[in-house]
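Text of protein07.txt, listed as compact mmCIF, C-alpha atoms:
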```txt
# COMPACT_ATOMS: atom_id res chain seq x y z
CA MET I 196 -27.85 -25.45 52.57
CA ARG I 197 -24.94 -27.82 52.99
CA PRO I 198 -25.91 -31.41 52.21
CA PRO I 199 -25.92 -33.86 55.13
CA LEU I 200 -23.28 -36.53 55.51
CA THR I 201 -24.13 -39.74 53.73
CA GLY I 202 -24.79 -42.66 56.10
CA PHE I 203 -24.81 -46.41 55.65
CA PRO I 204 -27.91 -48.58 55.07
CA ALA I 205 -29.06 -50.55 58.08
CA ALA I 206 -28.02 -53.90 56.59
CA VAL I 207 -24.48 -52.69 56.02
CA LEU I 208 -24.29 -51.12 59.47
CA ALA I 209 -25.44 -54.37 61.05
CA ALA I 210 -22.66 -56.24 59.31
CA VAL I 211 -20.16 -53.65 60.43
CA ILE I 212 -21.23 -53.88 64.05
CA ALA I 213 -20.33 -57.57 63.93
CA LEU I 214 -16.84 -56.57 62.89
CA ALA I 215 -16.56 -53.69 65.38
CA PRO I 216 -13.40 -54.99 67.13
CA ALA I 217 -11.49 -54.68 63.87
CA LEU I 218 -12.80 -51.18 63.23
CA ILE I 219 -12.67 -49.42 66.59
CA VAL I 220 -9.37 -49.87 68.35
CA GLY I 221 -10.31 -47.62 71.27
CA PRO I 222 -12.86 -47.93 74.05
CA ALA I 223 -15.67 -49.20 71.85
CA ALA I 224 -18.22 -49.32 74.65
CA LEU I 225 -18.24 -45.52 74.76
CA THR I 226 -18.49 -44.88 71.02
CA ALA I 227 -21.09 -45.44 68.35
CA PRO I 228 -20.37 -48.43 66.05
CA ALA I 229 -17.98 -47.40 63.28
CA ALA I 230 -18.64 -48.11 59.61
CA ALA I 231 -15.83 -49.75 57.70
CA GLN I 232 -13.52 -47.80 55.42
CA SER I 233 -11.55 -50.80 54.24
CA GLU I 234 -12.18 -51.91 50.69
CA PRO I 235 -14.92 -54.45 49.96
CA SER I 236 -14.40 -57.91 48.54
CA PRO I 237 -12.99 -57.64 45.01
CA SER I 238 -15.67 -57.60 42.34
CA ALA I 239 -13.63 -56.16 39.48
CA VAL I 240 -10.75 -57.87 37.72
CA TYR I 241 -7.36 -56.18 37.98
CA ASP I 242 -4.29 -57.70 36.38
CA PRO I 243 -1.28 -55.36 36.30
CA GLY I 244 0.65 -57.55 33.88
CA PRO I 245 4.45 -57.55 33.90
CA LEU I 246 5.99 -54.52 35.61
CA THR I 247 9.16 -54.72 33.52
CA ASP I 248 11.18 -52.45 31.27
CA GLY I 249 9.25 -51.82 28.07
CA SER I 250 6.00 -53.36 29.28
CA PRO I 251 2.77 -51.35 29.02
CA ALA I 252 1.67 -49.45 32.08
CA PRO I 253 -0.76 -51.24 34.39
CA GLU I 254 -4.36 -50.07 34.13
CA PRO I 255 -6.07 -49.93 37.52
CA SER I 256 -9.75 -50.76 37.74
CA ALA I 257 -10.63 -47.21 38.72
CA GLU I 258 -12.28 -44.03 37.49
CA ALA I 259 -9.04 -42.04 37.39
CA TRP I 260 -5.34 -42.53 38.04
CA ILE I 261 -1.92 -40.99 37.39
CA VAL I 262 1.77 -41.67 38.06
CA ALA I 263 4.38 -38.91 37.88
CA ASP I 264 7.78 -37.69 39.04
CA LEU I 265 7.23 -35.21 41.87
CA ASP I 266 10.43 -33.30 41.11
CA THR I 267 10.37 -32.97 37.33
CA GLY I 268 6.60 -33.02 36.87
CA GLU I 269 6.90 -35.70 34.17
CA VAL I 270 3.79 -37.84 33.86
CA PHE I 271 4.39 -41.42 32.75
CA ALA I 272 0.85 -42.78 32.57
CA SER I 273 -2.62 -41.55 33.40
CA HIS I 274 -6.33 -42.01 32.86
CA GLN I 275 -8.78 -39.15 33.40
CA PRO I 276 -6.34 -37.26 35.68
CA GLY I 277 -8.56 -34.17 35.73
CA LEU I 278 -11.81 -36.00 36.48
CA GLN I 279 -13.55 -34.66 39.58
CA HIS I 280 -14.44 -37.48 41.95
CA ALA I 281 -15.23 -37.98 45.63
CA PRO I 282 -11.89 -38.21 47.50
CA ALA I 283 -12.81 -40.32 50.54
CA SER I 284 -10.09 -40.12 53.20
CA THR I 285 -7.33 -38.97 50.86
CA ILE I 286 -8.74 -35.47 51.54
CA LYS I 287 -7.23 -35.82 55.02
CA LEU I 288 -3.89 -34.91 53.45
CA LEU I 289 -5.36 -31.51 52.57
CA SER I 290 -6.88 -31.34 56.06
CA GLY I 291 -3.46 -31.90 57.54
CA LEU I 292 -1.83 -29.21 55.40
CA ALA I 293 -4.53 -26.67 56.21
CA LEU I 294 -4.83 -27.34 59.94
CA VAL I 295 -1.18 -27.77 60.84
CA ASP I 296 -0.60 -24.07 60.14
CA GLU I 297 -3.27 -23.16 62.70
CA LEU I 298 -2.48 -25.87 65.24
CA ASP I 299 1.26 -25.35 65.49
CA ASP I 300 1.65 -26.56 69.09
CA PRO I 301 1.56 -30.38 69.06
CA GLU I 302 1.40 -30.52 72.86
CA HIS I 303 -1.70 -28.33 73.14
CA MET I 304 -4.58 -30.25 74.71
CA HIS I 305 -8.06 -30.32 73.17
CA GLU I 306 -11.20 -31.69 74.82
CA ALA I 307 -13.14 -34.25 72.78
CA THR I 308 -16.90 -33.82 72.42
CA TYR I 309 -19.91 -36.06 72.02
CA GLU I 310 -20.18 -34.79 68.44
CA ASP I 311 -16.71 -36.20 67.75
CA MET I 312 -17.92 -39.60 68.95
CA LEU I 313 -20.99 -39.47 66.69
CA VAL I 314 -19.03 -39.03 63.46
CA ASP I 315 -19.57 -41.86 60.98
CA GLY I 316 -16.88 -44.17 59.66
CA THR I 317 -13.55 -45.34 61.02
CA LYS I 318 -12.68 -43.96 64.48
CA VAL I 319 -9.79 -44.03 66.89
CA GLY I 320 -12.18 -44.04 69.86
CA LEU I 321 -12.18 -40.52 71.32
CA VAL I 322 -14.08 -40.23 74.59
CA GLN I 323 -15.98 -37.05 75.30
CA LYS I 324 -14.81 -34.74 78.10
CA ASN I 325 -11.28 -36.14 77.81
CA ASP I 326 -8.28 -34.12 76.68
CA TYR I 327 -6.08 -35.25 73.80
CA SER I 328 -2.99 -33.55 72.45
CA ILE I 329 -3.02 -32.08 68.96
CA ASP I 330 -0.21 -34.53 68.23
CA ASP I 331 -2.43 -37.47 69.27
CA LEU I 332 -5.20 -36.25 66.98
CA PHE I 333 -2.93 -35.73 63.95
CA HIS I 334 -1.49 -39.21 64.38
CA ALA I 335 -4.96 -40.74 64.58
CA MET I 336 -6.22 -38.84 61.53
CA LEU I 337 -3.26 -39.49 59.22
CA MET I 338 -2.17 -42.95 60.38
CA SER I 339 -5.47 -44.64 61.18
CA SER I 340 -7.76 -42.42 59.10
CA ALA I 341 -9.82 -41.63 62.20
CA ASN I 342 -12.83 -39.47 61.39
CA ASP I 343 -13.45 -38.59 65.04
CA ALA I 344 -9.91 -37.18 65.22
CA ALA I 345 -10.45 -35.21 61.98
CA HIS I 346 -13.63 -33.73 63.46
CA ALA I 347 -11.85 -32.83 66.71
CA LEU I 348 -8.97 -31.15 64.86
CA ALA I 349 -11.46 -29.03 62.94
CA ASP I 350 -13.02 -27.87 66.23
CA ALA I 351 -9.57 -27.13 67.64
CA ALA I 352 -8.86 -24.93 64.61
CA GLY I 353 -11.99 -22.84 65.14
CA GLY I 354 -14.88 -25.05 64.10
CA GLN I 355 -16.00 -27.22 61.21
CA ASP I 356 -16.80 -24.34 58.83
CA GLU I 357 -13.58 -22.51 59.65
CA ALA I 358 -11.58 -25.69 58.98
CA VAL I 359 -13.24 -26.16 55.60
CA ASP I 360 -12.46 -22.53 54.71
CA LEU I 361 -8.82 -23.17 55.62
CA MET I 362 -8.78 -26.27 53.42
CA ASN I 363 -10.18 -24.45 50.42
CA ALA I 364 -7.78 -21.56 50.93
CA LYS I 365 -4.94 -24.08 50.94
CA ALA I 366 -6.37 -25.64 47.76
CA GLU I 367 -6.22 -22.25 46.06
CA ASP I 368 -2.67 -21.70 47.28
CA LEU I 369 -1.67 -25.08 45.80
CA ARG I 370 -3.48 -24.15 42.56
CA LEU I 371 -5.71 -27.19 42.66
CA THR I 372 -7.95 -27.10 39.61
CA GLY I 373 -10.64 -29.59 40.63
CA THR I 374 -10.80 -29.79 44.43
CA GLU I 375 -13.65 -28.65 46.68
CA ALA I 376 -13.54 -29.50 50.40
CA TRP I 377 -16.64 -29.73 52.61
CA ASN I 378 -15.32 -31.62 55.63
CA THR I 379 -12.01 -32.68 57.13
CA SER I 380 -12.73 -36.42 57.16
CA GLY I 381 -13.52 -37.26 53.54
CA LEU I 382 -16.98 -38.62 54.34
CA ASP I 383 -19.19 -38.19 51.28
CA GLU I 384 -20.84 -34.87 50.58
CA ASP I 385 -22.37 -34.01 47.23
CA ASP I 386 -19.90 -31.26 46.29
CA GLN I 387 -16.74 -32.65 47.88
CA VAL I 388 -14.42 -33.61 45.03
CA THR I 389 -10.81 -33.79 43.96
CA THR I 390 -8.83 -35.11 40.99
CA ALA I 391 -5.98 -37.58 40.65
CA GLU I 392 -3.76 -34.76 39.45
CA ASP I 393 -4.69 -32.58 42.43
CA LEU I 394 -3.93 -35.42 44.83
CA LEU I 395 -0.35 -35.47 43.55
CA ARG I 396 -0.10 -31.71 44.12
CA ILE I 397 -1.41 -32.18 47.66
CA GLY I 398 1.00 -35.06 48.23
CA ARG I 399 3.92 -33.00 46.93
CA ALA I 400 3.10 -30.25 49.44
CA VAL I 401 2.82 -32.76 52.30
CA LEU I 402 6.35 -33.98 51.55
CA ASP I 403 7.62 -30.48 52.35
CA ASP I 404 6.08 -30.49 55.83
CA GLU I 405 8.48 -32.23 58.21
CA TYR I 406 5.93 -32.63 61.01
CA LEU I 407 3.27 -34.24 58.82
CA MET I 408 5.82 -36.53 57.19
CA ASP I 409 7.09 -37.68 60.59
CA ILE I 410 3.54 -38.76 61.37
CA ILE I 411 2.98 -40.39 57.98
CA ALA I 412 6.25 -42.32 58.38
CA THR I 413 5.12 -43.69 61.76
CA THR I 414 3.98 -47.30 61.64
CA ASP I 415 2.81 -47.70 65.27
CA TYR I 416 1.72 -45.13 67.84
CA ASP I 417 0.62 -45.45 71.46
CA PHE I 418 -2.74 -43.69 71.69
CA PRO I 419 -3.61 -42.49 75.20
CA GLY I 420 -6.30 -43.90 77.41
CA ALA I 421 -9.25 -41.99 78.83
CA THR I 422 -11.66 -41.71 81.71
CA ASN I 423 -15.29 -42.74 81.37
CA PRO I 424 -17.08 -39.47 82.18
CA ASP I 425 -20.13 -41.33 83.51
CA THR I 426 -18.51 -43.95 85.74
CA GLY I 427 -15.00 -42.60 86.36
CA GLU I 428 -13.52 -45.85 85.06
CA GLU I 429 -9.97 -45.50 83.78
CA LEU I 430 -9.57 -46.84 80.24
CA SER I 431 -6.13 -48.01 79.15
CA GLY I 432 -4.28 -46.67 76.13
CA TYR I 433 -3.73 -48.82 73.06
CA PRO I 434 -1.52 -48.95 69.95
CA ILE I 435 -2.76 -47.71 66.58
CA GLN I 436 -1.28 -48.65 63.22
CA ASN I 437 -0.61 -46.95 59.90
CA HIS I 438 -3.31 -48.07 57.46
CA THR I 439 -1.47 -47.19 54.23
CA ARG I 440 1.09 -50.02 54.51
CA ILE I 441 3.62 -48.18 52.37
CA VAL I 442 6.34 -47.25 54.87
CA GLY I 443 8.29 -50.37 55.77
CA GLU I 444 6.47 -52.54 53.22
CA VAL I 445 7.52 -50.94 49.91
CA ASP I 446 11.18 -50.35 49.09
CA GLY I 447 11.74 -46.62 49.58
CA GLY I 448 8.11 -46.06 50.54
CA LEU I 449 7.35 -42.65 52.07
CA GLY I 450 3.58 -43.05 52.63
CA LEU I 451 0.89 -41.26 52.10
CA LYS I 452 -2.85 -41.97 52.41
CA ASN I 453 -5.62 -44.46 51.75
CA GLY I 454 -9.37 -43.91 51.55
CA TYR I 455 -12.66 -45.67 50.96
CA THR I 456 -16.38 -44.94 51.15
CA ARG I 457 -19.24 -46.75 49.46
CA ALA I 458 -19.98 -43.77 47.21
CA ALA I 459 -16.37 -42.83 46.44
CA GLY I 460 -14.95 -46.31 46.05
CA GLY I 461 -11.28 -46.75 46.83
CA SER I 462 -8.74 -43.94 46.69
CA PHE I 463 -5.02 -43.92 47.34
CA VAL I 464 -1.95 -41.70 47.16
CA ALA I 465 1.47 -43.34 47.38
CA VAL I 466 5.00 -41.89 47.18
CA VAL I 467 8.22 -43.87 46.81
CA GLU I 468 11.78 -42.53 46.73
CA ARG I 469 14.67 -44.43 45.14
CA ASP I 470 17.99 -43.16 43.79
CA ASP I 471 17.02 -39.54 44.45
CA ARG I 472 13.81 -39.90 42.43
CA ARG I 473 10.41 -39.42 44.04
CA LEU I 474 7.60 -41.03 42.11
CA ALA I 475 3.96 -40.79 43.16
CA ALA I 476 0.70 -42.35 42.05
CA ALA I 477 -2.89 -41.44 42.81
CA VAL I 478 -5.98 -43.55 42.23
CA LEU I 479 -9.62 -42.41 42.51
CA GLY I 480 -12.84 -44.38 42.25
CA GLY I 481 -11.08 -47.70 42.58
CA GLU I 482 -13.16 -50.87 42.38
CA THR I 483 -10.58 -53.22 43.84
CA MET I 484 -6.96 -53.41 45.05
CA THR I 485 -6.52 -49.63 45.11
CA ARG I 486 -3.32 -49.70 47.17
CA ASP I 487 -1.77 -52.37 44.96
CA ALA I 488 -2.70 -50.41 41.85
CA ALA I 489 -0.95 -47.26 43.11
CA VAL I 490 2.17 -49.22 44.06
CA ASP I 491 2.16 -51.09 40.73
CA LEU I 492 2.09 -47.81 38.79
CA ILE I 493 5.14 -46.65 40.71
CA GLU I 494 7.00 -49.96 40.35
CA TRP I 495 6.33 -49.98 36.61
CA SER I 496 7.64 -46.42 36.28
CA PHE I 497 10.84 -47.23 38.15
CA ALA I 498 11.36 -50.29 35.91
CA GLN I 499 11.48 -48.23 32.71
CA SER I 500 15.07 -47.61 31.60
CA SER I 501 14.05 -44.89 29.14
CA PRO I 502 10.69 -43.63 30.34
CA GLN I 503 8.77 -41.58 27.80
CA PRO I 504 6.64 -38.95 29.55
CA ILE I 505 3.17 -38.41 28.12
CA GLY I 506 2.99 -34.92 29.56
CA THR I 507 4.04 -32.71 32.45
CA MET I 508 2.32 -31.09 35.40
CA SER I 509 3.27 -28.14 37.57
CA PHE I 510 3.69 -28.21 41.33
CA GLU I 511 4.15 -24.45 41.70
CA THR I 512 2.07 -22.77 44.38
CA ALA I 513 0.18 -19.56 43.65
CA ALA I 514 2.89 -17.54 45.42
CA GLU I 515 5.65 -19.25 43.41
CA ALA I 516 3.76 -18.67 40.17
CA ALA I 517 3.41 -14.98 40.98
CA GLU I 518 7.14 -14.76 41.68
CA THR I 519 7.91 -16.50 38.39
CA ALA I 520 5.64 -14.11 36.52
CA ALA I 521 7.28 -11.12 38.19
CA ALA I 522 10.76 -12.41 37.34
CA GLN I 523 9.77 -12.83 33.71
CA SER I 524 8.40 -9.26 33.57
CA PRO I 525 10.95 -7.16 35.48
CA THR I 526 9.36 -3.89 34.34
CA ALA I 527 5.92 -4.87 35.62
CA SER I 528 4.52 -3.65 38.92
CA VAL I 529 3.70 -6.00 41.78
CA PRO I 530 1.42 -8.72 40.32
CA THR I 531 -2.28 -8.25 40.97
CA ASP I 532 -4.44 -11.08 42.25
CA ASP I 533 -6.03 -11.39 38.80
CA ALA I 534 -2.63 -11.68 37.14
CA ALA I 535 -1.58 -14.39 39.58
CA VAL I 536 -4.78 -16.33 38.90
CA ALA I 537 -4.22 -15.98 35.16
CA ALA I 538 -0.68 -17.34 35.52
CA ASP I 539 -2.11 -20.20 37.57
CA ALA I 540 -4.59 -21.18 34.88
CA ALA I 541 -2.06 -20.89 32.06
CA ASP I 542 0.35 -23.31 33.75
CA SER I 543 -2.28 -25.88 34.76
CA VAL I 544 -2.48 -28.40 31.91
CA ASP I 545 -3.60 -31.92 32.61
CA ALA I 546 -1.33 -34.85 31.98
CA GLU I 547 -3.09 -35.93 28.80
CA GLY I 548 -2.92 -32.50 27.23
CA GLY I 549 -6.55 -31.62 27.77
CA PRO I 550 -7.92 -28.42 29.31
CA PRO I 551 -8.45 -28.67 33.07
CA GLY I 552 -11.28 -26.16 33.16
CA LEU I 553 -12.69 -22.81 32.13
CA PRO I 554 -9.59 -20.67 32.90
CA HIS I 555 -7.39 -22.79 30.63
CA ILE I 556 -9.90 -22.61 27.79
CA LEU I 557 -10.12 -18.83 28.05
CA LEU I 558 -6.38 -18.31 28.11
CA ALA I 559 -5.64 -20.84 25.36
CA GLY I 560 -8.18 -19.03 23.19
CA GLY I 561 -5.96 -16.00 23.10
CA ILE I 562 -8.25 -13.66 24.95
CA GLY I 563 -5.20 -12.00 26.48
CA LEU I 564 -5.62 -9.53 29.31
CA GLY I 565 -9.38 -10.06 29.42
CA ALA I 566 -8.77 -13.64 30.55
CA ALA I 567 -7.50 -12.49 33.92
CA THR I 568 -10.81 -10.81 34.65
CA ALA I 569 -12.77 -13.82 33.42
CA VAL I 570 -10.71 -16.18 35.56
CA ALA I 571 -11.17 -13.98 38.61
CA LEU I 572 -14.92 -14.05 38.09
CA TRP I 573 -14.84 -17.84 37.73
CA LEU I 574 -12.86 -18.21 40.95
CA ARG I 575 -15.23 -15.83 42.75
CA VAL I 576 -18.18 -17.99 41.71
CA ARG I 577 -16.43 -21.04 43.19
CA ARG I 578 -15.86 -19.19 46.46
CA ASP I 579 -19.47 -18.01 46.63
CA ARG I 580 -20.67 -21.56 46.02
CA ARG I 581 -18.63 -22.88 48.91
CA GLN I 582 -19.91 -20.17 51.24
CA ARG I 583 -23.59 -20.93 50.72
CA ASP I 584 -25.52 -21.86 53.88
```
Target encoding structure tokens, full file:
Amino acid sequence: MRPPLTGFPAAVLAAVIALAPALIVGPAALTAPAAAQSEPSPSAVYDPGPLTDGSPAPEPSAEAWIVADLDTGEVFASHQPGLQHAPASTIKLLSGLALVDELDDPEHMHEATYEDMLVDGTKVGLVQKNDYSIDDLFHAMLMSSANDAAHALADAAGGQDEAVDLMNAKAEDLRLTGTEAWNTSGLDEDDQVTTAEDLLRIGRAVLDDEYLMDIIATTDYDFPGATNPDTGEELSGYPIQNHTRIVGEVDGGLGLKNGYTRAAGGSFVAVVERDDRRLAAAVLGGETMTRDAAVDLIEWSFAQSSPQPIGTMSFETAAEAAETAAAQSPTASVPTDDAAVAADAADSVDAEGGPPGLPHILLAGGIGLGAATAVALWLRVRRDRRQRD
């Protein structure tokens, strides 16, 4: 049985209610109080040191982090890049990638439900029995990290379970080695995890989607008003802002996504482009200053005149890997699913040179053709686990 969403203790919720105007930008009187997703007061010490040529890389106060070139795959610094950890709202990038293929008409209208309004965490303020465009909902989810909008988009795509299936299918297509999705919002569930390395792969895919990047590059958006279904009162629209504070605040900043829950800590994915180089950093399990840590990793990398990569990572999708394998074996027949999975595992090496998981160990051990079968079985077990009731 799927584990329930994790809620907040009463004491924390009471404190949040006092801050409700800063957390719910919509018609708060019609929504349940929203729990904060901004980071708590700093309790850990983080000192990036000089971000200059030849200086050591900053070390974020976090469980895992990585900084890499999104075009060459060169990794310049990392710590536990393959560690599975709760993603918080950074998983909304995967939600966006998975759902935008199904919801390809931005002007389509979707009716919000009471269940949308009940979702925990940061909200944009959807009002039940009111119609919102898919475009409105994507802006709210990716700009303001609105969990009610993420829930509504899942319903628009066929339901919560269907949306999660789409997310995990997208994760397989992107060859993510440590990501399991269980909801579109990033609210904590026991088995919902990702890795810093996977977040860069997700971010790299988002960069290729023009529609999603237009939203992520938006700093302010006019969210529509609504009608109180009980009284008929007309509620005015209101502006919403981009919570990542990368676009317009960091030289060459392209976005991408912030996140925080009490269990996950802080998470962040940032991408910056300068002089035709796109560098990205991901941080998971941050204790303090998660955004600053991601930006500092990127600034330090740009400052190095002769950067020495510590490893490389692949951004090939499963389809691209299959094409590469076919091109390298012109006499072979059309690649089977098992062969494509085997190619996936062989190319997926974490930034510090360690094995990312069982498929890599099997292949590196020289098992040969038998590895494809073993990998397929491993992947099947993962799918079965996700499909449990």
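The residue that comes closest to I:Asp385, out of I:Ala263, I:Met408, I:Ala488, I:Ala459 and on the basis of all atoms listed in the file, is I:Ala459.
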TODO: For I:Asn342, please output as a list in words all residues within 6 Å (counting only C-alpha atoms; exclusion window: fewer than 3 positions along the same chain).
DONE: Thr317, Lys318, Ala345 and Ser380 of chain I
- [ ] Choose the residue, out of I:Ala421, I:Ile493, I:Val401, I:Val478, that has the smallest atom-to-atom separation from I:Pro255; count all atoms listed in the file.
- [x] I:Val478
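Pairwise distance (atom CA of I:Leu382, atom CA of I:Pro282) equals 8.5 Å.
Atom CA of I:Leu402 lies 26.5 Å from atom CA of I:Ala521.
Proximity to stretch 466-476 of chain I at 7 Å, evaluated using only C-alpha atoms and with sequence-adjacent residues fewer than 3 positions away removed, yields Ile261, Val262, Ala263, Asp264, Leu265, Asp266, Leu395, Gly447, Gly448, Leu449, Gly450, Leu451, Ala489, Leu492 and Ile493 of chain I.
Of note, atom CA of I:Asp350 and atom CA of I:Tyr327 are spaced 12.6 Å apart.
Residues in contact with I:His274 at 10 Å, where only C-alpha atoms are counted and same-chain residues fewer than 2 positions away are skipped, are listed as Glu254, Pro255, Ala257, Glu258, Ala259, Trp260, Ile261, Val262, Ala272, Pro276, Gly277, Leu278, Ala391, Val478, Ala546 and Glu547 of chain I.
If you measure from each of I:Glu482, I:Asp491, I:Asp415, I:Asp368 to I:Ala293 using only C-alpha atoms, the closest one turns out to be I:Asp368.
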- [ ] Would you mind listing what lies within 12 Å of stretch 239-245 of chain I as JSON, numbers by chain, with only C-alpha atoms counted and same-chain residues fewer than 2 positions away left out?
- [x] {"I": [235, 236, 237, 247, 248, 249, 250, 251, 252, 253, 254, 255, 256, 257, 460, 481, 482, 483, 484, 485, 486, 487, 488, 489, 490, 491, 492, 493, 494, 495, 496, 498, 499]}
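Proximity ranking of I:Ser462, I:Ser509, I:Thr379, I:Asp315 relative to I:Asp356 places I:Thr379 first, based on only C-alpha atoms.
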TODO: Could you give me, as a PyMOL selection string, the residues within 10 Å of I:Phe418, counting only C-alpha atoms and dropping anything in the same chain fewer than 4 positions from it?
DONE: chain I and resi 220-221+319-321+327+331-332+334-335+431-436
- [ ] Show me as a VMD selection string the residues that reach within 12 Å of (1.3, -32.6, 62.9), counting all atoms listed in the file and using the file's own coordinates.
- [x] chain I and resid 288 290 to 303 328 to 338 348 401 404 to 413
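In terms of minimum interatomic distance to I:Pro424, I:Asp326 ranks closest within I:Val464, I:Gly316, I:Leu246, I:Asp326, counting only C-alpha atoms.
Among the candidates I:Glu375, I:Glu511, I:Asp403, I:Glu444, the one nearest to I:Ile286 when counting only C-alpha atoms is I:Glu375.
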